[in-house]
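Here is query-v3.csv, consisting of CSV, C-alpha atoms:
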chain,number,residue,atom,x,y,z
N,166,PHE,CA,-125.4,110.9,-144.2
N,167,PHE,CA,-123.0,113.8,-144.1
N,168,GLU,CA,-125.8,116.3,-143.4
N,169,ARG,CA,-127.2,114.2,-140.5
N,170,TYR,CA,-124.0,112.8,-139.0
N,171,PRO,CA,-123.1,116.0,-137.0
N,172,TYR,CA,-126.4,115.9,-135.1
N,173,PHE,CA,-125.9,112.3,-134.1
N,174,HIS,CA,-122.3,112.9,-133.1
N,175,LYS,CA,-123.1,115.9,-131.0
N,176,ALA,CA,-126.1,114.3,-129.2
N,177,ILE,CA,-124.1,111.1,-128.4
N,178,LYS,CA,-121.1,112.9,-127.1
N,179,GLU,CA,-123.2,115.2,-124.9
N,180,LYS,CA,-125.1,112.2,-123.4
N,181,TYR,CA,-122.3,109.6,-123.4
N,182,PRO,CA,-118.9,111.4,-123.5
N,183,ASP,CA,-117.0,108.2,-123.0
N,184,ILE,CA,-118.4,106.5,-126.1
N,185,GLN,CA,-115.9,106.5,-129.0
N,186,ILE,CA,-117.5,107.3,-132.3
N,187,ILE,CA,-116.3,105.7,-135.5
N,188,ALA,CA,-117.0,107.6,-138.7
N,189,SER,CA,-116.9,106.1,-142.2
N,190,SER,CA,-114.8,106.8,-145.3
N,191,GLY,CA,-116.7,104.4,-147.4
N,192,PRO,CA,-115.5,101.2,-149.2
N,193,PHE,CA,-112.7,102.9,-151.0
N,194,ALA,CA,-109.0,103.5,-150.4
N,195,ALA,CA,-109.0,106.9,-152.1
N,196,GLY,CA,-111.2,109.2,-154.1
N,197,GLY,CA,-113.9,111.8,-153.6
N,198,GLU,CA,-116.1,109.9,-151.2
N,199,TYR,CA,-113.1,108.7,-149.2
N,200,GLU,CA,-111.9,112.3,-148.8
N,201,LYS,CA,-115.4,113.5,-148.0
N,202,GLY,CA,-115.7,110.9,-145.2
N,203,TRP,CA,-112.4,111.9,-143.7
N,204,ASN,CA,-113.2,115.6,-143.9
N,205,CYS,CA,-116.5,115.0,-142.1
N,206,ALA,CA,-114.7,113.0,-139.4
N,207,ARG,CA,-112.1,115.6,-138.8
N,208,SER,CA,-114.5,118.5,-138.7
N,209,ASN,CA,-116.7,116.7,-136.2
N,210,HIS,CA,-113.7,115.4,-134.1
N,211,ALA,CA,-114.7,111.7,-134.6
N,212,ASP,CA,-112.5,109.3,-132.6
N,213,MET,CA,-111.8,106.9,-135.5
N,214,VAL,CA,-112.5,106.5,-139.2
N,215,ASP,CA,-113.5,103.2,-140.6
N,216,GLU,CA,-111.6,102.3,-143.8
N,217,HIS,CA,-112.4,99.4,-146.0
N,218,TYR,CA,-110.4,98.2,-149.0
N,219,TYR,CA,-109.6,95.0,-150.9
N,220,MET,CA,-106.7,95.3,-153.3
N,221,ALA,CA,-104.2,93.3,-155.4
N,222,PRO,CA,-101.0,92.4,-153.6
N,223,GLU,CA,-99.1,94.9,-155.7
N,224,TRP,CA,-101.1,97.7,-154.3
N,225,PHE,CA,-100.2,96.7,-150.8
N,226,LEU,CA,-96.5,96.6,-151.7
N,227,ALA,CA,-96.8,100.1,-153.2
N,228,ASN,CA,-98.6,101.6,-150.3
N,229,HIS,CA,-96.5,100.8,-147.3
N,230,HIS,CA,-96.1,104.5,-146.5
N,231,ARG,CA,-99.9,105.0,-146.6
N,232,TYR,CA,-100.2,106.0,-142.9
N,233,ASP,CA,-96.8,107.7,-142.5
N,234,SER,CA,-98.3,111.1,-143.3
N,235,PHE,CA,-101.5,110.8,-141.3
N,236,ASP,CA,-102.0,113.3,-138.4
N,237,GLU,CA,-101.4,111.5,-135.1
N,238,ASN,CA,-103.6,114.2,-133.4
N,239,GLY,CA,-106.5,113.6,-135.7
N,240,PRO,CA,-109.0,110.7,-135.8
N,241,LYS,CA,-107.3,107.3,-135.7
N,242,VAL,CA,-107.8,104.8,-138.4
N,243,PHE,CA,-110.0,101.8,-137.8
N,244,LEU,CA,-109.2,99.5,-140.7
N,245,GLY,CA,-112.4,97.7,-140.4
N,246,GLU,CA,-112.0,95.4,-143.4
N,247,TYR,CA,-109.1,94.7,-145.6
N,248,ALA,CA,-107.2,92.0,-147.5
N,249,SER,CA,-105.3,91.3,-150.7
N,250,TRP,CA,-107.3,89.4,-153.3
N,251,GLY,CA,-106.6,85.7,-152.5
N,252,ASN,CA,-105.8,83.3,-149.8
N,253,THR,CA,-102.4,82.0,-151.0
N,254,TRP,CA,-99.1,82.2,-149.1
N,255,TYR,CA,-98.1,85.1,-151.4
N,256,ASN,CA,-101.2,87.0,-150.3
N,257,ALA,CA,-100.5,86.3,-146.6
N,258,LEU,CA,-96.8,87.3,-147.0
N,259,ILE,CA,-97.7,90.6,-148.6
N,260,GLU,CA,-100.3,91.3,-145.9
N,261,ALA,CA,-97.7,90.6,-143.3
N,262,SER,CA,-95.3,93.1,-144.9
N,263,TYR,CA,-98.1,95.7,-145.1
N,264,MET,CA,-98.9,95.3,-141.4
N,265,THR,CA,-95.4,96.3,-140.4
N,266,GLY,CA,-96.4,99.8,-141.7
N,267,MET,CA,-99.6,99.7,-139.6
N,268,GLU,CA,-97.6,98.6,-136.5
N,269,ARG,CA,-95.0,101.3,-137.1
N,270,ASN,CA,-97.8,103.9,-137.2
N,271,SER,CA,-99.8,102.5,-134.4
N,272,GLU,CA,-100.3,106.0,-132.9
N,273,LYS,CA,-102.4,106.7,-136.0
N,274,VAL,CA,-103.9,103.2,-136.7
N,275,GLY,CA,-106.0,102.3,-133.7
N,276,LEU,CA,-107.6,99.0,-134.9
N,277,ALA,CA,-107.4,96.7,-137.9
N,278,CYS,CA,-109.6,93.8,-138.9
N,279,TYR,CA,-109.0,91.3,-141.6
N,280,ALA,CA,-111.5,90.2,-144.2
N,281,PRO,CA,-114.7,88.3,-143.4
N,282,LEU,CA,-114.0,85.6,-140.7
N,283,LEU,CA,-115.9,82.5,-142.0
N,284,CYS,CA,-116.9,81.0,-145.3
N,285,ASN,CA,-118.5,77.7,-146.3
N,286,VAL,CA,-116.5,76.0,-149.1
N,287,ASN,CA,-119.8,74.9,-150.6
N,288,TYR,CA,-121.3,78.4,-150.6
N,289,ILE,CA,-118.7,81.0,-151.6
N,290,ASN,CA,-120.1,84.5,-152.1
N,291,TRP,CA,-117.0,86.4,-151.1
N,292,LYS,CA,-113.3,85.7,-151.1
N,293,PRO,CA,-110.8,86.1,-149.4
N,294,ASP,CA,-111.8,84.9,-145.9
N,295,MET,CA,-110.0,83.9,-142.8
N,296,ILE,CA,-111.4,80.5,-142.0
N,297,TRP,CA,-113.0,78.0,-144.4
N,298,PHE,CA,-115.3,75.2,-143.3
N,299,ASP,CA,-117.7,72.5,-144.5
N,300,ASN,CA,-120.2,70.4,-142.6
N,301,LEU,CA,-117.4,68.4,-140.8
N,302,ASN,CA,-114.2,70.4,-140.9
N,303,SER,CA,-112.7,73.9,-140.6
N,304,VAL,CA,-109.3,75.2,-141.8
N,305,ARG,CA,-107.3,78.3,-140.9
N,306,THR,CA,-105.9,80.1,-143.9
N,307,VAL,CA,-102.3,81.3,-143.9
N,308,SER,CA,-103.6,84.8,-143.5
N,309,TYR,CA,-105.2,83.6,-140.3
N,310,TYR,CA,-101.7,82.8,-138.9
N,311,VAL,CA,-100.3,86.2,-140.0
N,312,GLN,CA,-103.1,87.9,-138.1
N,313,GLN,CA,-102.6,85.6,-135.1
N,314,LEU,CA,-98.9,86.3,-134.9
N,315,TYR,CA,-99.5,90.1,-134.9
N,316,GLY,CA,-102.3,89.7,-132.4
N,317,HIS,CA,-100.3,87.6,-130.0
N,318,HIS,CA,-97.2,89.7,-130.2
N,319,LYS,CA,-98.5,93.3,-130.6
N,320,GLY,CA,-96.4,94.7,-127.7
N,321,THR,CA,-97.2,97.9,-125.8
N,322,ASN,CA,-94.7,100.4,-127.2
N,323,VAL,CA,-93.4,100.9,-130.7
N,324,LEU,CA,-89.6,100.8,-131.1
N,325,SER,CA,-87.6,102.6,-133.8
N,326,LEU,CA,-86.2,100.2,-136.4
N,327,THR,CA,-84.2,101.4,-139.3
N,328,MET,CA,-82.0,100.1,-142.2
N,329,ASN,CA,-79.7,102.6,-143.8
N,330,LYS,CA,-81.1,105.2,-141.5
N,331,LYS,CA,-84.7,104.7,-142.8
N,332,PRO,CA,-87.7,102.7,-141.8
N,333,VAL,CA,-87.6,99.3,-143.3
N,334,THR,CA,-90.3,99.6,-146.0
N,335,GLY,CA,-88.9,97.5,-148.9
N,336,ALA,CA,-87.2,100.6,-150.4
N,337,GLU,CA,-84.8,100.2,-153.3
N,338,ASP,CA,-81.8,99.8,-151.0
N,339,GLN,CA,-83.6,97.4,-148.6
N,340,ASN,CA,-84.0,94.5,-151.0
N,341,GLY,CA,-87.6,93.7,-150.4
N,342,LEU,CA,-87.4,93.7,-146.6
N,343,PHE,CA,-90.2,95.1,-144.4
N,344,ALA,CA,-89.9,95.2,-140.6
N,345,SER,CA,-91.2,96.7,-137.4
N,346,ALA,CA,-90.4,96.4,-133.7
N,347,VAL,CA,-92.2,96.7,-130.4
N,348,TYR,CA,-91.6,96.3,-126.7
N,349,ASP,CA,-94.0,94.5,-124.4
N,350,LYS,CA,-93.6,96.1,-121.0
N,351,ASP,CA,-95.9,93.5,-119.4
N,352,LYS,CA,-93.8,90.6,-120.5
N,353,SER,CA,-90.5,92.4,-120.8
N,354,GLU,CA,-90.1,91.3,-124.4
N,355,ILE,CA,-88.6,92.9,-127.4
N,356,ILE,CA,-90.4,91.7,-130.6
N,357,VAL,CA,-89.2,92.2,-134.1
N,358,LYS,CA,-91.2,91.2,-137.2
N,359,VAL,CA,-89.6,90.9,-140.6
N,360,ALA,CA,-91.0,90.0,-144.0
N,361,ASN,CA,-88.6,89.1,-146.8
N,362,THR,CA,-90.6,89.5,-150.0
N,363,SER,CA,-87.6,89.0,-152.2
N,364,ASP,CA,-86.5,85.8,-154.0
N,365,LYS,CA,-83.1,85.8,-152.3
N,366,VAL,CA,-81.8,84.6,-148.9
N,367,GLN,CA,-81.0,87.8,-147.0
N,368,PRO,CA,-78.4,88.2,-144.2
N,369,LEU,CA,-79.9,90.0,-141.3
N,370,SER,CA,-78.0,91.8,-138.5
N,371,LEU,CA,-80.4,93.1,-135.8
N,372,LYS,CA,-78.6,95.5,-133.5
N,373,PHE,CA,-80.5,96.3,-130.3
N,374,GLU,CA,-79.2,99.7,-129.4
N,375,GLY,CA,-80.1,101.9,-126.4
N,376,LEU,CA,-80.1,99.1,-123.9
N,377,LYS,CA,-78.6,99.6,-120.5
N,378,LYS,CA,-75.3,97.9,-119.7
N,379,GLN,CA,-76.9,95.5,-117.3
N,380,ASP,CA,-79.7,94.5,-119.8
N,381,VAL,CA,-79.4,91.0,-121.1
N,382,LEU,CA,-81.4,89.6,-124.0
N,383,SER,CA,-82.3,85.9,-123.5
N,384,ASP,CA,-84.8,83.2,-124.2
N,385,GLY,CA,-84.8,84.0,-127.9
N,386,ARG,CA,-87.5,82.5,-130.0
N,387,CYS,CA,-88.1,82.6,-133.8
N,388,ILE,CA,-91.6,82.0,-135.2
N,389,LYS,CA,-91.5,81.5,-138.9
N,390,LEU,CA,-94.1,81.3,-141.7
N,391,ARG,CA,-92.9,80.3,-145.2
N,392,SER,CA,-93.5,78.2,-148.2
N,393,ALA,CA,-91.5,77.6,-151.4
N,394,ASP,CA,-94.8,77.5,-153.3
N,395,LEU,CA,-96.3,81.0,-153.4
N,396,ASP,CA,-99.7,79.7,-154.6
N,397,LYS,CA,-100.1,77.2,-151.8
N,398,ASP,CA,-102.7,77.6,-149.1
N,399,ASN,CA,-104.2,75.5,-146.3
N,400,THR,CA,-107.3,73.6,-147.5
N,401,ILE,CA,-109.9,71.2,-146.1
N,402,GLU,CA,-107.8,68.3,-147.6
N,403,GLN,CA,-104.5,69.8,-146.3
N,404,PRO,CA,-105.3,72.0,-143.3
N,405,PHE,CA,-101.7,72.2,-142.0
N,406,ALA,CA,-99.8,72.7,-145.2
N,407,ILE,CA,-98.4,76.0,-143.9
N,408,GLN,CA,-98.4,76.9,-140.2
N,409,PRO,CA,-96.0,78.7,-137.9
N,410,GLN,CA,-92.8,76.9,-136.9
N,411,GLU,CA,-91.1,78.0,-133.6
N,412,THR,CA,-87.5,77.4,-132.8
N,413,PRO,CA,-85.1,78.7,-130.2
N,414,VAL,CA,-82.6,81.4,-131.3
N,415,SER,CA,-79.5,82.6,-129.5
N,416,ILE,CA,-78.1,86.1,-129.6
N,417,ASP,CA,-74.5,87.3,-129.3
N,418,GLY,CA,-74.7,90.1,-126.8
N,419,GLN,CA,-77.0,92.7,-128.3
N,420,VAL,CA,-76.6,91.6,-132.0
N,421,LEU,CA,-78.6,88.9,-133.8
N,422,ASN,CA,-77.0,87.6,-137.0
N,423,VAL,CA,-79.2,85.3,-139.1
N,424,GLU,CA,-80.0,84.5,-142.6
N,425,LEU,CA,-83.7,84.8,-143.7
N,426,GLU,CA,-85.0,82.6,-146.4
N,427,PRO,CA,-86.8,84.1,-149.4
N,428,LYS,CA,-90.6,84.8,-149.3
N,429,THR,CA,-90.6,84.4,-145.5
N,430,PHE,CA,-92.3,86.1,-142.6
N,431,VAL,CA,-90.6,85.8,-139.2
N,432,VAL,CA,-91.2,87.0,-135.6
N,433,TYR,CA,-88.2,87.3,-133.3
N,434,ILE,CA,-88.9,87.5,-129.5
N,435,PHE,CA,-86.3,88.1,-126.8
N,436,LYS,CA,-86.7,88.5,-123.0
N,437,LYS,CA,-85.1,91.7,-121.7
N,438,GLY,CA,-83.8,91.4,-118.2

As a first step, turn the structure in this file into structure tokens.
Amino acid sequence: FFERYPYFHKAIKEKYPDIQIIASSGPFAAGGEYEKGWNCARSNHADMVDEHYYMAPEWFLANHHRYDSFDENGPKVFLGEYASWGNTWYNALIEASYMTGMERNSEKVGLACYAPLLCNVNYINWKPDMIWFDNLNSVRTVSYYVQQLYGHHKGTNVLSLTMNKKPVTGAEDQNGLFASAVYDKDKSEIIVKVANTSDKVQPLSLKFEGLKKQDVLSDGRCIKLRSADLDKDNTIEQPFAIQPQETPVSIDGQVLNVELEPKTFVVYIFKKG
């Protein structure tokens, strides 16, 4: 592969310069083959590199800084297949927290795709999956709803979001909180995503700095995913056990003060006008 790839890359780019070429780093998150794939992509100026990895939730919690050190001028990451092992609420919550790191590094992470889309409950040859079905029914996993919330509220511009002057990555002084923020210039919306992976209710004070004096934040919405049972998931028998709940939220000037329940993922959306 590595011997022949440069010839394909050169021929395709000469004939079809607008085609983006995605190289591969193999089915590993690290190691010799992974590094070999990335080195090949960099030396041939590939547009993206396809990464695949399935890991325990603890790995995702420990690797929130994974893409912080990537070169934004090099090939972008195409996270072509990933998930934590399992389809419970805990898995979905940890995936939501990990995705704040991808969103924060969106100049380096170009695309991301969750695990296989569909699986028949009567013929399981891989797990986790996004949607389960039988001959009569289908059910969206909680991980599906996490992906949906990120997809529907991805914004157009990343905003700086800090706690104690650092990105919110669950650090020791951040109490298991993970967060990212974006602005959607097409909808004039500011969107903040927060995952509370701790066992405690956390007071949040979101201060929207840098706005102009005439800017007003209005039409606040809070979309929340949570469950007191970390092992719970949506099933064929209980397809709506956990799903997003939307409520209005009001903001005092440019500061939002709320309390966030334990083991909860939330998306706050405000119109800027």

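Using only C-alpha atoms for every distance, the candidate list N:Phe430, N:Tyr315, N:Tyr219, N:Phe373 yields N:Tyr219 as the residue closest to Pro293 in chain N.
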
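Rounded to one decimal, CA of Gln408 in chain N and CA of Gly316 in chain N lie 15.5 Å from each other.
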
Can you work out which one of N:Thr321, N:Ser262, N:Gln410, N:Asn204 has the shortest atom-to-atom distance to Thr334 in chain N, counting only C-alpha atoms?
N:Ser262

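With distances restricted to only C-alpha atoms, N:Thr265 is the closest residue to Lys358 in chain N from N:Asn322, N:Thr265, N:Asn302, N:Asn422.
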
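Within 9 Å of the point (-95.3, 92.5, -128.3), and counting only C-alpha atoms, the protein, DNA and RNA residues are Tyr315, Gly316, His317, His318, Lys319, Gly320, Thr321, Asn322, Val323, Ala346, Val347, Tyr348, Asp349, Lys350, Asp351, Lys352, Ser353, Glu354, Ile355, Ile356, Val357 and Ile434 of chain N.
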
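Distance check against Asp299 in chain N using all atoms listed in the file: of N:Pro427, N:Asn287, N:Asn329, N:Ala206, the minimum falls on N:Asn287.
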
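Across N:Met220, N:Leu342, N:Leu425, N:Ile401, the tightest approach to Trp250 in chain N is made by N:Met220 when counting all atoms listed in the file.
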
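For Asp380 in chain N, the residues within 10 Å (counting all atoms listed in the file, excluding itself and residues fewer than 6 positions away along the chain) are Gly418, Gln419, Lys436, Lys437 and Gly438 of chain N.
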
Same residues, C-alpha atoms, saved as a compact mmCIF listing (two decimals), in the frame of the given file:
# COMPACT_ATOMS: atom_id res chain seq x y z
CA GLY N 418 -74.70 90.10 -126.80
CA GLN N 419 -77.00 92.70 -128.30
CA LYS N 436 -86.70 88.50 -123.00
CA LYS N 437 -85.10 91.70 -121.70
CA GLY N 438 -83.80 91.40 -118.20

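A search radius of 6 Å centred on (-76.0, 93.0, -133.8), applied to all atoms listed in the file, returns the residues Ser370, Leu371, Lys372, Gln419, Val420 and Leu421 of chain N.
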
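Separating CA of Val304 in chain N from CA of Leu283 in chain N is a distance of 9.8 Å.
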
Go through range 266-368 of chain N and flag each residue having an atom no more than 8 Å from range 224-234 of chain N; for those, report the closest pair of atoms plus their distance in Å to one decimal, using only C-alpha atoms, ordered by chain and rising number, as CSV.
residue,atom,partner,partner_atom,distance
N:Gly266,CA,N:His229,CA,5.7
N:Met267,CA,N:Tyr232,CA,7.1
N:Asn270,CA,N:Tyr232,CA,6.5
N:Lys273,CA,N:Tyr232,CA,7.3
N:Val274,CA,N:Tyr232,CA,7.7
N:Thr334,CA,N:His229,CA,6.4

Serialized selection, C-alpha atoms, as a tab-separated table (two decimals), keeping the file's coordinate frame:
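File produced: out_34.tsv:
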chain	number	residue	atom	x	y	z
N	266	GLY	CA	-96.40	99.80	-141.70
N	267	MET	CA	-99.60	99.70	-139.60
N	270	ASN	CA	-97.80	103.90	-137.20
N	273	LYS	CA	-102.40	106.70	-136.00
N	274	VAL	CA	-103.90	103.20	-136.70
N	334	THR	CA	-90.30	99.60	-146.00

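CA of Val333 in chain N is found 25.1 Å from CA of Asp384 in chain N.
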
Name the closest residue to Ala360 in chain N among the candidates N:Ile296, N:Leu395, N:Ile187, N:Met264; distances are taken between atoms, counting all atoms listed in the file.
N:Met264

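By chain and then residue number, the residues within 9 Å of Glu424 in chain N are Val366, Gln367, Pro368, Leu369 and Ser370 of chain N, counting only C-alpha atoms and disregarding those fewer than 4 positions away in sequence.
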
Fill-in result for range 317-330 of chain N, N, CA, C and O atoms as a compact mmCIF listing (two decimals), keeping the file's coordinate frame:
# COMPACT_ATOMS: atom_id res chain seq x y z
N HIS N 317 -100.95 88.15 -131.16
CA HIS N 317 -100.30 87.60 -130.00
C HIS N 317 -99.04 88.32 -129.57
O HIS N 317 -98.59 88.22 -128.43
N HIS N 318 -98.45 89.06 -130.50
CA HIS N 318 -97.20 89.70 -130.20
C HIS N 318 -97.21 91.18 -130.66
O HIS N 318 -96.33 91.67 -131.35
N LYS N 319 -98.27 91.86 -130.20
CA LYS N 319 -98.50 93.30 -130.60
C LYS N 319 -97.65 94.23 -129.75
O LYS N 319 -97.42 95.37 -130.15
N GLY N 320 -97.21 93.81 -128.55
CA GLY N 320 -96.40 94.70 -127.70
C GLY N 320 -97.25 95.82 -127.11
O GLY N 320 -98.47 95.92 -127.31
N THR N 321 -96.57 96.70 -126.39
CA THR N 321 -97.20 97.90 -125.80
C THR N 321 -96.61 99.19 -126.25
O THR N 321 -97.25 100.22 -126.14
N ASN N 322 -95.39 99.14 -126.78
CA ASN N 322 -94.70 100.40 -127.20
C ASN N 322 -93.97 100.08 -128.53
O ASN N 322 -93.29 99.06 -128.67
N VAL N 323 -94.12 101.00 -129.47
CA VAL N 323 -93.40 100.90 -130.70
C VAL N 323 -91.95 101.28 -130.56
O VAL N 323 -91.64 102.27 -129.89
N LEU N 324 -91.06 100.50 -131.15
CA LEU N 324 -89.60 100.80 -131.10
C LEU N 324 -89.18 101.27 -132.51
O LEU N 324 -89.70 100.81 -133.52
N SER N 325 -88.22 102.15 -132.54
CA SER N 325 -87.60 102.60 -133.80
C SER N 325 -86.82 101.45 -134.40
O SER N 325 -86.02 100.82 -133.71
N LEU N 326 -87.02 101.19 -135.68
CA LEU N 326 -86.20 100.20 -136.40
C LEU N 326 -85.89 100.74 -137.75
O LEU N 326 -86.78 101.12 -138.52
N THR N 327 -84.61 100.80 -138.04
CA THR N 327 -84.20 101.40 -139.30
C THR N 327 -83.16 100.53 -140.02
O THR N 327 -82.50 99.69 -139.41
N MET N 328 -83.06 100.76 -141.31
CA MET N 328 -82.00 100.10 -142.20
C MET N 328 -81.54 101.25 -143.09
O MET N 328 -82.34 101.90 -143.77
N ASN N 329 -80.26 101.46 -143.10
CA ASN N 329 -79.70 102.60 -143.80
C ASN N 329 -80.33 103.90 -143.42
O ASN N 329 -80.63 104.78 -144.24
N LYS N 330 -80.60 104.01 -142.10
CA LYS N 330 -81.10 105.20 -141.50
C LYS N 330 -82.57 105.54 -141.91
O LYS N 330 -83.02 106.67 -141.77
